[in-house]
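Pasting upload08.cif here (mmCIF, C-alpha atoms):
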data_upload
#
loop_
_atom_site.label_atom_id
_atom_site.label_comp_id
_atom_site.auth_asym_id
_atom_site.auth_seq_id
_atom_site.Cartn_x
_atom_site.Cartn_y
_atom_site.Cartn_z
CA MET A 279 -18.12 -23.63 -3.38
CA THR A 280 -14.84 -25.13 -2.14
CA THR A 281 -13.75 -25.63 1.45
CA ALA A 282 -10.29 -24.78 2.71
CA PRO A 283 -8.56 -28.24 2.87
CA GLU A 284 -8.69 -28.65 -0.94
CA VAL A 285 -6.27 -25.76 -1.58
CA PRO A 286 -3.32 -24.40 0.46
CA ASP A 287 -4.58 -22.82 3.68
CA ILE A 288 -4.15 -19.05 3.56
CA LEU A 289 -2.77 -19.13 7.13
CA SER A 290 -0.31 -21.99 6.48
CA PRO A 291 3.51 -21.73 6.25
CA GLU A 292 3.22 -23.17 2.73
CA PHE A 293 1.02 -20.27 1.67
CA ALA A 294 3.26 -17.68 3.34
CA ALA A 295 6.34 -19.08 1.61
CA ASP A 296 4.83 -18.88 -1.89
CA PRO A 297 1.34 -17.40 -2.14
CA TYR A 298 1.62 -17.16 -5.93
CA ALA A 299 1.55 -20.93 -6.40
CA ALA A 300 -1.42 -21.07 -4.03
CA TYR A 301 -3.18 -18.31 -5.97
CA THR A 302 -3.11 -20.47 -9.08
CA ALA A 303 -4.88 -23.24 -7.17
CA TYR A 304 -7.41 -20.80 -5.72
CA ARG A 305 -8.32 -19.32 -9.12
CA ARG A 306 -8.52 -22.74 -10.76
CA ASP A 307 -10.06 -24.91 -8.05
CA ALA A 308 -11.66 -22.60 -5.48
CA PRO A 309 -12.75 -19.26 -6.96
CA LEU A 310 -15.16 -18.93 -4.03
CA LEU A 311 -13.94 -20.46 -0.79
CA TRP A 312 -15.20 -20.31 2.80
CA HIS A 313 -12.33 -20.09 5.31
CA GLU A 314 -13.60 -21.08 8.72
CA PRO A 315 -10.76 -19.76 10.96
CA MET A 316 -10.94 -16.30 9.34
CA GLN A 317 -14.75 -16.47 9.10
CA SER A 318 -14.44 -15.13 5.59
CA TYR A 319 -15.23 -15.98 1.99
CA ILE A 320 -12.23 -15.70 -0.34
CA VAL A 321 -12.41 -14.64 -4.00
CA SER A 322 -9.40 -14.73 -6.27
CA ARG A 323 -10.24 -14.22 -9.95
CA TYR A 324 -9.76 -10.80 -11.57
CA GLU A 325 -13.40 -10.53 -12.63
CA ASP A 326 -14.67 -11.26 -9.12
CA VAL A 327 -12.14 -9.16 -7.18
CA SER A 328 -12.75 -6.14 -9.42
CA ARG A 329 -16.49 -6.56 -8.86
CA VAL A 330 -16.00 -6.66 -5.09
CA PHE A 331 -14.23 -3.30 -5.34
CA LYS A 332 -16.66 -1.63 -7.76
CA ASP A 333 -20.11 -2.98 -6.89
CA PRO A 334 -21.71 -0.81 -4.15
CA VAL A 335 -23.30 -3.89 -2.58
CA PHE A 336 -19.84 -4.72 -1.19
CA THR A 337 -19.45 -2.23 1.67
CA THR A 338 -16.65 -1.30 4.07
CA ALA A 339 -18.81 -2.04 7.13
CA ASN A 340 -16.26 -4.68 8.17
CA TYR A 341 -13.75 -1.89 8.84
CA ASP A 342 -15.58 -1.25 12.12
CA TRP A 343 -13.69 -4.23 13.57
CA GLN A 344 -10.81 -4.44 11.11
CA LEU A 345 -9.51 -0.85 11.15
CA GLU A 346 -11.24 1.15 13.85
CA PRO A 347 -9.43 -0.45 16.82
CA VAL A 348 -6.09 0.79 15.49
CA HIS A 349 -7.01 3.92 13.49
CA GLY A 350 -10.21 5.15 15.08
CA ARG A 351 -13.12 5.81 12.72
CA THR A 352 -11.76 6.63 9.24
CA ILE A 353 -12.99 7.92 5.90
CA LEU A 354 -12.88 4.32 4.60
CA GLN A 355 -15.82 3.38 6.80
CA LEU A 356 -18.08 6.08 5.43
CA SER A 357 -20.51 5.78 2.53
CA GLY A 358 -22.73 7.94 0.39
CA ARG A 359 -22.52 11.70 0.71
CA GLU A 360 -20.63 11.49 4.02
CA HIS A 361 -17.83 9.58 2.30
CA ALA A 362 -17.90 11.80 -0.79
CA VAL A 363 -17.58 14.99 1.26
CA ARG A 364 -14.80 13.67 3.50
CA ARG A 365 -12.89 12.38 0.47
CA ALA A 366 -13.31 15.73 -1.27
CA LEU A 367 -11.83 17.44 1.79
CA VAL A 368 -8.59 15.45 1.66
CA ALA A 369 -8.20 14.65 -2.04
CA PRO A 370 -6.91 18.03 -3.33
CA ALA A 371 -3.68 17.70 -1.35
CA PHE A 372 -2.91 14.48 -3.23
CA ARG A 373 -3.64 15.68 -6.77
CA GLY A 374 -1.00 16.48 -9.35
CA SER A 375 -0.68 20.28 -9.15
CA GLU A 376 -0.85 20.49 -5.37
CA LEU A 377 1.49 17.56 -4.99
CA GLU A 378 3.95 19.03 -7.48
CA SER A 379 4.07 22.54 -6.08
CA ARG A 380 3.99 21.89 -2.34
CA PHE A 381 5.29 18.42 -1.62
CA LEU A 382 7.66 17.38 -4.42
CA PRO A 383 10.56 19.23 -2.71
CA VAL A 384 9.78 17.37 0.53
CA ILE A 385 9.88 14.04 -1.32
CA GLU A 386 13.13 14.88 -3.14
CA ARG A 387 14.83 16.13 0.03
CA ASN A 388 14.00 13.06 2.10
CA SER A 389 15.05 10.63 -0.61
CA ALA A 390 18.36 12.43 -1.13
CA ALA A 391 19.13 12.51 2.59
CA LEU A 392 18.65 8.75 2.93
CA ILE A 393 20.78 8.05 -0.15
CA ASP A 394 23.56 10.34 1.10
CA ALA A 395 23.88 8.11 4.17
CA PHE A 396 25.05 5.10 2.08
CA ARG A 397 26.13 6.30 -1.36
CA ARG A 398 29.82 6.24 -0.38
CA ASP A 399 29.63 2.71 1.06
CA GLY A 400 29.24 0.76 -2.15
CA ARG A 401 26.62 -1.48 -0.53
CA VAL A 402 23.16 -1.10 0.97
CA ASP A 403 20.20 -3.07 2.25
CA LEU A 404 17.63 -1.02 0.35
CA VAL A 405 14.79 -2.17 2.62
CA ALA A 406 16.39 -1.40 5.98
CA GLN A 407 18.31 1.71 4.96
CA TYR A 408 15.99 3.38 2.48
CA SER A 409 12.50 2.18 1.56
CA THR A 410 11.22 1.48 5.09
CA HIS A 411 12.04 5.03 6.19
CA PHE A 412 11.43 7.09 3.05
CA PRO A 413 7.60 7.31 2.95
CA ILE A 414 7.24 7.78 6.72
CA ARG A 415 9.67 10.69 6.72
CA VAL A 416 7.84 12.21 3.78
CA ILE A 417 4.48 11.94 5.58
CA VAL A 418 5.82 13.46 8.80
CA ASP A 419 7.34 16.37 6.88
CA MET A 420 4.26 16.88 4.66
CA LEU A 421 2.17 17.19 7.82
CA GLY A 422 4.57 19.81 9.19
CA LEU A 423 5.44 17.71 12.25
CA ASP A 424 8.74 17.66 14.12
CA PRO A 425 11.42 15.73 12.14
CA ALA A 426 12.79 14.61 15.52
CA ASP A 427 9.70 12.40 15.74
CA HIS A 428 10.56 10.34 12.63
CA ASP A 429 11.55 7.35 14.76
CA ARG A 430 8.37 7.58 16.84
CA PHE A 431 6.24 7.54 13.69
CA GLN A 432 8.32 4.67 12.32
CA ARG A 433 7.45 2.64 15.43
CA TRP A 434 3.76 3.51 15.16
CA TYR A 435 3.77 2.61 11.48
CA THR A 436 5.29 -0.80 12.20
CA SER A 437 2.70 -1.46 14.91
CA ILE A 438 -0.25 -0.44 12.69
CA ILE A 439 0.90 -2.65 9.80
CA ALA A 440 1.37 -5.61 12.16
CA PHE A 441 -2.17 -5.09 13.51
CA LEU A 442 -3.71 -4.95 10.03
CA GLY A 443 -1.88 -8.11 8.98
CA ASN A 444 -2.78 -10.02 12.15
CA LEU A 445 -5.01 -12.57 10.41
CA ALA A 446 -4.15 -15.20 13.02
CA GLN A 447 -5.38 -12.81 15.78
CA ASP A 448 -2.25 -12.79 17.95
CA PRO A 449 -3.44 -10.98 21.13
CA GLU A 450 -0.10 -9.24 21.73
CA VAL A 451 -0.08 -7.76 18.22
CA ALA A 452 -3.69 -6.63 18.69
CA ALA A 453 -2.90 -5.01 22.05
CA ALA A 454 0.14 -3.21 20.60
CA GLY A 455 -1.99 -1.83 17.78
CA GLU A 456 -4.61 -0.51 20.18
CA ARG A 457 -1.86 1.12 22.30
CA THR A 458 -0.62 2.82 19.15
CA ARG A 459 -4.09 4.29 18.54
CA VAL A 460 -4.04 5.83 22.03
CA GLU A 461 -0.46 7.09 21.76
CA LEU A 462 -1.01 8.63 18.34
CA ALA A 463 -4.18 10.38 19.57
CA GLU A 464 -2.37 11.77 22.62
CA TYR A 465 0.34 13.10 20.30
CA MET A 466 -1.80 14.38 17.43
CA ILE A 467 -4.91 15.96 19.02
CA PRO A 468 -3.04 18.77 20.84
CA ILE A 469 -1.04 19.50 17.69
CA VAL A 470 -4.21 19.60 15.57
CA ARG A 471 -5.78 22.10 17.99
CA GLU A 472 -2.67 24.27 17.99
CA ARG A 473 -2.44 24.14 14.20
CA ARG A 474 -6.06 25.27 13.82
CA ALA A 475 -5.10 28.43 15.67
CA ASN A 476 -1.88 28.90 13.69
CA LEU A 477 -2.32 27.61 10.16
CA GLY A 478 0.78 27.08 8.06
CA ASP A 479 1.68 25.82 4.58
CA ASP A 480 1.57 22.12 5.40
CA LEU A 481 -0.81 19.20 4.92
CA LEU A 482 -2.05 19.27 8.51
CA SER A 483 -3.04 22.93 8.12
CA THR A 484 -4.81 22.07 4.86
CA LEU A 485 -6.81 19.38 6.62
CA CYS A 486 -7.65 21.74 9.50
CA ALA A 487 -8.87 24.48 7.16
CA ALA A 488 -10.69 22.34 4.59
CA GLU A 489 -14.45 22.87 4.41
CA ILE A 490 -17.22 21.86 1.98
CA ASP A 491 -20.78 23.11 2.36
CA GLY A 492 -20.16 23.90 6.01
CA THR A 493 -18.63 20.49 6.72
CA ALA A 494 -15.09 20.40 8.13
CA MET A 495 -12.93 17.63 9.56
CA SER A 496 -13.05 17.19 13.33
CA ASP A 497 -9.91 16.74 15.41
CA GLU A 498 -10.68 13.03 15.55
CA ASP A 499 -11.22 12.89 11.77
CA ILE A 500 -7.79 14.39 11.20
CA LYS A 501 -6.07 12.14 13.72
CA SER A 502 -7.64 9.05 12.14
CA PHE A 503 -6.68 10.23 8.65
CA VAL A 504 -3.06 10.68 9.77
CA SER A 505 -3.08 7.14 11.16
CA LEU A 506 -4.57 5.83 7.91
CA LEU A 507 -2.04 7.80 5.87
CA LEU A 508 0.80 6.24 7.84
CA ALA A 509 -0.42 2.75 7.00
CA ALA A 510 -1.65 3.17 3.43
CA GLY A 511 0.88 5.78 2.36
CA GLY A 512 3.81 4.12 4.08
CA GLU A 513 3.29 0.50 3.17
CA THR A 514 2.64 1.00 -0.55
CA THR A 515 5.76 3.06 -1.18
CA ASP A 516 7.92 1.12 1.26
CA LYS A 517 7.34 -2.25 -0.35
CA ALA A 518 6.91 -0.95 -3.91
CA ILE A 519 10.32 0.71 -4.23
CA SER A 520 12.13 -2.39 -3.00
CA ALA A 521 9.95 -4.59 -5.21
CA VAL A 522 10.62 -2.43 -8.29
CA PHE A 523 14.35 -2.90 -7.78
CA ALA A 524 14.01 -6.61 -7.00
CA ASN A 525 12.02 -7.12 -10.20
CA LEU A 526 14.36 -5.04 -12.35
CA LEU A 527 17.54 -6.56 -10.92
CA THR A 528 16.27 -10.06 -11.66
CA HIS A 529 15.46 -8.93 -15.22
CA PRO A 530 18.71 -7.16 -16.20
CA GLU A 531 17.63 -6.32 -19.74
CA GLN A 532 14.62 -4.43 -18.37
CA LEU A 533 16.77 -2.69 -15.75
CA ASP A 534 19.06 -1.57 -18.57
CA ALA A 535 16.08 -0.23 -20.51
CA VAL A 536 14.79 1.72 -17.50
CA ARG A 537 18.26 3.02 -16.70
CA LYS A 538 18.55 4.41 -20.23
CA ASP A 539 14.96 5.67 -20.49
CA ARG A 540 13.64 6.97 -17.18
CA SER A 541 10.18 7.56 -18.71
CA LEU A 542 9.77 3.79 -18.25
CA ILE A 543 9.76 4.12 -14.45
CA PRO A 544 5.94 4.49 -14.24
CA ARG A 545 5.62 1.34 -16.37
CA ALA A 546 8.03 -0.52 -14.07
CA PHE A 547 6.02 0.65 -11.05
CA ALA A 548 2.67 -0.29 -12.61
CA GLU A 549 3.95 -3.75 -13.56
CA THR A 550 5.36 -4.21 -10.05
CA LEU A 551 1.97 -3.26 -8.57
CA ARG A 552 0.41 -5.93 -10.78
CA LEU A 553 2.91 -8.76 -10.32
CA THR A 554 4.07 -8.22 -6.74
CA PRO A 555 1.58 -5.80 -5.12
CA PRO A 556 2.37 -4.37 -1.67
CA VAL A 557 -1.16 -5.19 -0.44
CA HIS A 558 -2.30 -8.73 -1.27
CA MET A 559 -5.82 -8.66 0.13
CA ILE A 560 -8.60 -6.26 1.07
CA MET A 561 -11.81 -7.17 2.89
CA ARG A 562 -15.36 -6.08 2.18
CA GLN A 563 -18.84 -6.96 3.49
CA PRO A 564 -21.96 -7.34 1.29
CA ALA A 565 -25.08 -5.48 2.36
CA GLU A 566 -27.26 -8.22 0.85
CA ASP A 567 -26.86 -11.76 -0.48
CA VAL A 568 -24.65 -11.76 -3.60
CA GLU A 569 -24.22 -14.33 -6.36
CA ILE A 570 -20.56 -14.42 -7.36
CA ALA A 571 -17.98 -16.94 -8.58
CA GLY A 572 -20.57 -19.71 -8.85
CA GLY A 573 -21.93 -19.38 -5.33
CA THR A 574 -23.69 -17.11 -2.86
CA ILE A 575 -22.14 -14.84 -0.25
CA GLU A 576 -24.62 -14.02 2.49
CA ALA A 577 -25.27 -10.47 3.64
CA GLY A 578 -23.01 -9.40 6.49
CA LYS A 579 -20.30 -11.99 5.85
CA THR A 580 -16.68 -10.92 5.35
CA VAL A 581 -15.21 -11.22 1.85
CA THR A 582 -11.43 -11.36 1.40
CA ALA A 583 -10.53 -10.15 -2.10
CA LEU A 584 -7.15 -11.57 -3.11
CA ILE A 585 -5.48 -8.78 -5.08
CA GLY A 586 -2.29 -10.83 -5.41
CA ALA A 587 -4.23 -13.61 -7.13
CA ALA A 588 -6.44 -11.41 -9.32
CA ASN A 589 -3.47 -9.43 -10.62
CA ARG A 590 -1.98 -12.68 -11.99
CA ASP A 591 -5.17 -14.04 -13.52
CA PRO A 592 -4.28 -15.48 -16.96
CA ALA A 593 -7.82 -14.71 -18.06
CA ARG A 594 -6.87 -11.03 -17.78
CA TYR A 595 -3.12 -10.84 -18.47
CA ALA A 596 -0.88 -12.64 -20.96
CA ASP A 597 2.07 -14.44 -19.31
CA ALA A 598 0.56 -13.29 -16.04
CA ASP A 599 3.37 -14.63 -13.84
CA THR A 600 6.06 -12.83 -15.86
CA PHE A 601 7.50 -9.38 -15.13
CA ASN A 602 7.30 -7.35 -18.32
CA VAL A 603 7.64 -3.57 -18.30
CA PHE A 604 6.61 -3.55 -21.96
CA ARG A 605 3.38 -5.56 -21.70
CA ASP A 606 0.51 -4.15 -23.74
CA ASP A 607 -2.31 -5.31 -21.46
CA LEU A 608 -1.47 -2.92 -18.61
CA SER A 609 -1.67 0.85 -19.05
CA ALA A 610 0.78 3.06 -17.16
CA ASP A 611 -1.29 6.07 -18.24
CA THR A 612 -4.25 5.02 -16.07
CA ALA A 613 -2.39 2.88 -13.50
CA PHE A 614 -2.54 5.56 -10.81
CA SER A 615 -6.16 6.60 -11.29
CA ALA A 616 -9.54 5.07 -10.57
CA ALA A 617 -9.45 3.76 -14.16
CA ALA A 618 -6.48 1.49 -13.37
CA ASP A 619 -6.52 -1.96 -14.93
CA HIS A 620 -4.59 -3.54 -12.06
CA LEU A 621 -6.17 -3.92 -8.61
CA ALA A 622 -3.32 -2.94 -6.28
CA PHE A 623 -5.01 0.34 -5.29
CA ALA A 624 -8.53 -1.19 -5.32
CA LEU A 625 -11.10 0.39 -7.64
CA GLY A 626 -14.26 2.45 -7.50
CA ARG A 627 -15.19 5.00 -4.86
CA HIS A 628 -12.58 3.69 -2.41
CA PHE A 629 -9.70 3.82 -4.91
CA CYS A 630 -6.55 4.81 -3.01
CA VAL A 631 -6.56 8.60 -2.59
CA GLY A 632 -2.75 8.56 -2.24
CA ALA A 633 -1.99 6.75 -5.52
CA LEU A 634 -0.40 9.83 -7.11
CA LEU A 635 1.65 10.44 -3.96
CA ALA A 636 2.97 6.86 -4.21
CA LYS A 637 3.72 7.34 -7.93
CA THR A 638 5.61 10.56 -7.23
CA GLU A 639 7.62 9.00 -4.40
CA VAL A 640 8.53 5.96 -6.49
CA GLU A 641 9.51 8.06 -9.51
CA VAL A 642 11.69 10.34 -7.39
CA GLY A 643 13.18 7.46 -5.41
CA VAL A 644 13.98 5.21 -8.36
CA ASN A 645 15.49 8.11 -10.32
CA GLN A 646 17.69 9.26 -7.45
CA LEU A 647 18.75 5.71 -6.61
CA LEU A 648 19.72 4.97 -10.22
CA ASN A 649 21.68 8.23 -10.35
CA ALA A 650 23.56 7.34 -7.17
CA MET A 651 24.05 3.67 -8.14
CA PRO A 652 24.35 3.57 -11.96
CA ASP A 653 25.93 0.11 -11.87
CA VAL A 654 23.71 -1.28 -9.11
CA ARG A 655 23.58 -5.08 -8.85
CA LEU A 656 22.43 -7.71 -6.38
CA ALA A 657 25.07 -8.50 -3.76
CA ASP A 658 26.93 -11.75 -4.44
CA GLY A 659 24.87 -14.71 -3.30
CA HIS A 660 21.79 -12.65 -2.46
CA THR A 661 18.39 -13.68 -3.80
CA PRO A 662 15.49 -11.34 -3.04
CA THR A 663 12.88 -13.07 -0.88
CA GLU A 664 9.43 -11.71 -0.16
CA LYS A 665 7.80 -11.81 3.25
CA GLY A 666 4.27 -11.13 4.43
CA LEU A 667 0.68 -12.22 3.94
CA PHE A 668 -1.72 -9.27 4.15
CA THR A 669 1.04 -7.00 2.85
CA ARG A 670 4.11 -8.43 1.15
CA GLY A 671 7.48 -7.31 -0.17
CA PRO A 672 11.21 -8.02 -0.09
CA ALA A 673 12.32 -8.74 3.47
CA GLU A 674 15.75 -7.35 2.61
CA LEU A 675 17.47 -6.29 -0.58
CA HIS A 676 21.27 -6.32 -0.49
CA LEU A 677 22.79 -4.31 -3.31
CA GLU A 678 26.32 -3.46 -4.40
CA PHE A 679 27.50 -0.56 -6.53
CA THR A 680 30.49 1.69 -7.16
CA PRO A 681 30.60 4.29 -4.38
CA SER A 682 29.70 7.82 -5.46
CA PRO A 683 30.80 11.10 -3.89
#

As structure tokens, please, write out the structure in this file.
Amino acid sequence: MTTAPEVPDILSPEFAADPYAAYTAYRRDAPLLWHEPMQSYIVSRYEDVSRVFKDPVFTTANYDWQLEPVHGRTILQLSGREHAVRRALVAPAFRGSELESRFLPVIERNSAALIDAFRRDGRVDLVAQYSTHFPIRVIVDMLGLDPADHDRFQRWYTSIIAFLGNLAQDPEVAAAGERTRVELAEYMIPIVRERRANLGDDLLSTLCAAEIDGTAMSDEDIKSFVSLLLAAGGETTDKAISAVFANLLTHPEQLDAVRKDRSLIPRAFAETLRLTPPVHMIMRQPAEDVEIAGGTIEAGKTVTALIGAANRDPARYADADTFNVFRDDLSADTAFSAAADHLAFALGRHFCVGALLAKTEVEVGVNQLLNAMPDVRLADGHTPTEKGLFTRGPAELHLEFTPSP
């Protein structure tokens, strides 16, 4: 096992500036590494990260301290039948037919409204003016909440993501996240109780009414799920749409192919999830001692699984550091299911329940954006630059195009 000084420190400015170069060193020189400041083992190879996600010995018990202070107790912390039942209560709303019939219009309407605000300008920062707002507005509207509260949810979303990415344990960021948990509960619990008495045709009503074998979601369950949905549903789509465009715009021949054949959009999204995933690391905790990556991880220790490193493992993917919509070692057909061969949505029983929602949002968004900006290009002198550690994506994305009516 390797110790931290022999590879770039995961908390260093060097790592933050270019984690991909560091990932190469981790996979090659330190496939199992103990990081003292984080009190965590780090694994980075595809084989090991996929095992961490699929092997039941790696539990989500660490979410008690990682997620609960900001979300409350969530479905992610559950196991066994309790987890299976809770997941079955929420999953139908995120499956293809339900998504298509009830929520596709919500997704299309919100995307179009954001695009209408800049389509006549001939220029846009896609991050600030579109992708940061799009998924949060969709979630608020899917839940049947007041559109006037979009900005409030945007603030809560920003606070939750900062809390989850607070690997250096900044006390102000931690305190802001815990305040958000209280504020969101004070907002949501009365609405949940009112909605139970007056069910409608929205996601919140679905959650209130859902029942399996006499088990229903409590008010607290629903509030925590909404908080989790803000973070997981917002961050993936937010960063993915900007990253899809950043990747395509820096590979013009592939942008041209996608522009001409929109059926390639799921491939572009899947390849973006592999090469530049929105979430770069997920933590687990083994229930017993585990032999992995040439060493032993003791029961109860935290394991940080580096998705960003595993998804570029040359032992799994050819030309792993290259964006290629047409690669034959990544399937777009399974990329948004538990059978995915990238790791951006995790794997196994905790595979992201909102993967199809993210796929739908990205397909709608990319299609509408290409329609509104058929000659889209990077603004003169602008080079897309990623930012973030726990989650990562373009910090800004300045585009130019011919204005459209």

**OP:** Using the chain letters and numbers from the file, give me the residues hit by the PyMOL selection byres ((chain A and resi 595-606) around 10), as an MDAnalysis selection string.
**Re:** chainID A and resid 298:299 302 324 525:526 528:529 532:533 535:536 542:550 552:554 588:594 607:610 620

Original post:
Mind listing as a PyMOL selection string all residues within 9 Å of (1.1, 0.3, 11.7), counting all atoms listed in the file?
Top reply: chain A and resi 348+432-442+455+458+505-506+508-509+512-513

**OP:** For a cut-off of 12 Å around (28.4, -0.9, -14.2), file coordinates, pick out all residues using all atoms listed in the file and list them as a list in words.
**Re:**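 Here is the list of nearby residues: Pro530, Leu533, Asp534, Arg537, Leu648, Asn649, Ala650, Met651, Pro652, Asp653, Val654, Arg655, Leu656, Glu678, Phe679, Thr680 and Pro681 of chain A.
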
Selected residues written out, C-alpha atoms, as a tab-separated table (two decimals), in the frame of the given file:
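selection31.tsv was written with the following content:
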chain	number	residue	atom	x	y	z
A	530	PRO	CA	18.71	-7.16	-16.20
A	533	LEU	CA	16.77	-2.69	-15.75
A	534	ASP	CA	19.06	-1.57	-18.57
A	537	ARG	CA	18.26	3.02	-16.70
A	648	LEU	CA	19.72	4.97	-10.22
A	649	ASN	CA	21.68	8.23	-10.35
A	650	ALA	CA	23.56	7.34	-7.17
A	651	MET	CA	24.05	3.67	-8.14
A	652	PRO	CA	24.35	3.57	-11.96
A	653	ASP	CA	25.93	0.11	-11.87
A	654	VAL	CA	23.71	-1.28	-9.11
A	655	ARG	CA	23.58	-5.08	-8.85
A	656	LEU	CA	22.43	-7.71	-6.38
A	678	GLU	CA	26.32	-3.46	-4.40
A	679	PHE	CA	27.50	-0.56	-6.53
A	680	THR	CA	30.49	1.69	-7.16
A	681	PRO	CA	30.60	4.29	-4.38

**OP:** Considering only C-alpha atoms, return as a list in words whatever protein or nucleic-acid residues lie within 10 Å of A:Leu667, sequence-local ones (same chain, fewer than 2 positions apart) excluded.
**Re:**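 Contacts, in chain order: Ile288, Leu289, Phe293, Ala294, Ala295, Asp296, Pro297, Gly443, Asn444, Leu445, Pro556, Val557, His558, Met559, Gly586, Glu664, Lys665, Thr669, Arg670 and Gly671 of chain A.
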
**OP:** For the structure shown, which residues end up in the PyMOL selection byres ((chain A and resi 633) around 10)? Put them as a ChimeraX atom specification, please?
**Re:** /A:372-373,510-511,514-515,613-616,622-623,629-632,634-639

**OP:** Have a look at atom CA of A:Leu551 and atom CA of A:Leu482 and let me know their distance in Å, one decimal.
**Re:**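 Computing the Euclidean distance for atom CA of A:Leu551 and atom CA of A:Leu482 yields 28.6 Å.
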
Original post:
Near A:Leu481, counting all atoms listed in the file, which residues have an atom at most 7 Å away, once you skip same-chain residues fewer than 5 positions from it, shown as a PyMOL selection string?
Top reply: chain A and resi 420-422

**OP:** Give me, please, the distance in Å between atom CA of A:Met561 and atom CA of A:Met316, quoted to one decimal.
**Re:**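 One can read the atom CA of A:Met561 to atom CA of A:Met316 distance as 11.2 Å.
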
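Atom CA of A:Glu378 to atom CA of A:Phe431 spans 24.2 Å [interatomic distance, one decimal].
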
Subject >> Among listed residues A:Ile467, A:His428, A:Glu489, A:Asp287, nearest A:Glu314 (using all atoms listed in the file) >> reply: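 Smallest distance to A:Glu314 is found for A:Asp287.
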
**OP:** Would you translate the PyMOL selection byres ((chain A and resi 412) around 12) into the concrete set of residues it matches in this file, as a PyMOL selection string?
**Re:** chain A and resi 384-393+404-411+413-419+428-429+431-432+508+511-520+636+639-640+642-644

**OP:** Name the closest residue to A:Glu674 among the candidates A:Glu376, A:Asp307, A:Glu325, A:Asp403; distances are taken between atoms, counting all atoms listed in the file.
**Re:**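 Checking each of A:Glu376, A:Asp307, A:Glu325, A:Asp403 against A:Glu674, counting all atoms listed in the file, the winner is A:Asp403.
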
Complete stretch 608-618 of chain A at the level of N, CA, C and O atoms, written as a PDB file, keeping the file's coordinate frame.
ATOM      1  N   LEU A 608      -1.482  -3.692 -19.853  1.00  0.00           N
ATOM      2  CA  LEU A 608      -1.470  -2.920 -18.610  1.00  0.00           C
ATOM      3  C   LEU A 608      -1.069  -1.493 -18.969  1.00  0.00           C
ATOM      4  O   LEU A 608       0.013  -1.272 -19.501  1.00  0.00           O
ATOM      5  N   SER A 609      -1.914  -0.534 -18.668  1.00  0.00           N
ATOM      6  CA  SER A 609      -1.670   0.850 -19.050  1.00  0.00           C
ATOM      7  C   SER A 609      -1.034   1.623 -17.911  1.00  0.00           C
ATOM      8  O   SER A 609      -1.607   1.725 -16.821  1.00  0.00           O
ATOM      9  N   ALA A 610       0.157   2.188 -18.154  1.00  0.00           N
ATOM     10  CA  ALA A 610       0.780   3.060 -17.160  1.00  0.00           C
ATOM     11  C   ALA A 610       0.092   4.415 -17.118  1.00  0.00           C
ATOM     12  O   ALA A 610       0.176   5.125 -16.115  1.00  0.00           O
ATOM     13  N   ASP A 611      -0.620   4.773 -18.195  1.00  0.00           N
ATOM     14  CA  ASP A 611      -1.290   6.070 -18.240  1.00  0.00           C
ATOM     15  C   ASP A 611      -2.437   6.148 -17.240  1.00  0.00           C
ATOM     16  O   ASP A 611      -2.730   7.217 -16.693  1.00  0.00           O
ATOM     17  N   THR A 612      -3.106   5.027 -17.002  1.00  0.00           N
ATOM     18  CA  THR A 612      -4.250   5.020 -16.070  1.00  0.00           C
ATOM     19  C   THR A 612      -3.946   4.275 -14.771  1.00  0.00           C
ATOM     20  O   THR A 612      -4.816   4.163 -13.910  1.00  0.00           O
ATOM     21  N   ALA A 613      -2.719   3.782 -14.614  1.00  0.00           N
ATOM     22  CA  ALA A 613      -2.390   2.880 -13.500  1.00  0.00           C
ATOM     23  C   ALA A 613      -2.495   3.532 -12.134  1.00  0.00           C
ATOM     24  O   ALA A 613      -2.557   2.837 -11.117  1.00  0.00           O
ATOM     25  N   PHE A 614      -2.521   4.867 -12.101  1.00  0.00           N
ATOM     26  CA  PHE A 614      -2.540   5.560 -10.810  1.00  0.00           C
ATOM     27  C   PHE A 614      -3.805   6.402 -10.673  1.00  0.00           C
ATOM     28  O   PHE A 614      -3.833   7.408  -9.977  1.00  0.00           O
ATOM     29  N   SER A 615      -4.856   5.939 -11.338  1.00  0.00           N
ATOM     30  CA  SER A 615      -6.160   6.600 -11.290  1.00  0.00           C
ATOM     31  C   SER A 615      -7.228   5.540 -11.048  1.00  0.00           C
ATOM     32  O   SER A 615      -6.952   4.339 -11.083  1.00  0.00           O
ATOM     33  N   ALA A 616      -8.440   5.999 -10.814  1.00  0.00           N
ATOM     34  CA  ALA A 616      -9.540   5.070 -10.570  1.00  0.00           C
ATOM     35  C   ALA A 616      -9.865   4.226 -11.794  1.00  0.00           C
ATOM     36  O   ALA A 616     -10.651   3.277 -11.706  1.00  0.00           O
ATOM     37  N   ALA A 617      -9.260   4.556 -12.947  1.00  0.00           N
ATOM     38  CA  ALA A 617      -9.450   3.760 -14.160  1.00  0.00           C
ATOM     39  C   ALA A 617      -8.346   2.716 -14.336  1.00  0.00           C
ATOM     40  O   ALA A 617      -8.207   2.126 -15.410  1.00  0.00           O
ATOM     41  N   ALA A 618      -7.583   2.458 -13.296  1.00  0.00           N
ATOM     42  CA  ALA A 618      -6.480   1.490 -13.370  1.00  0.00           C
ATOM     43  C   ALA A 618      -6.976   0.120 -13.790  1.00  0.00           C
ATOM     44  O   ALA A 618      -8.092  -0.284 -13.448  1.00  0.00           O
TER      45      ALA A 618
END
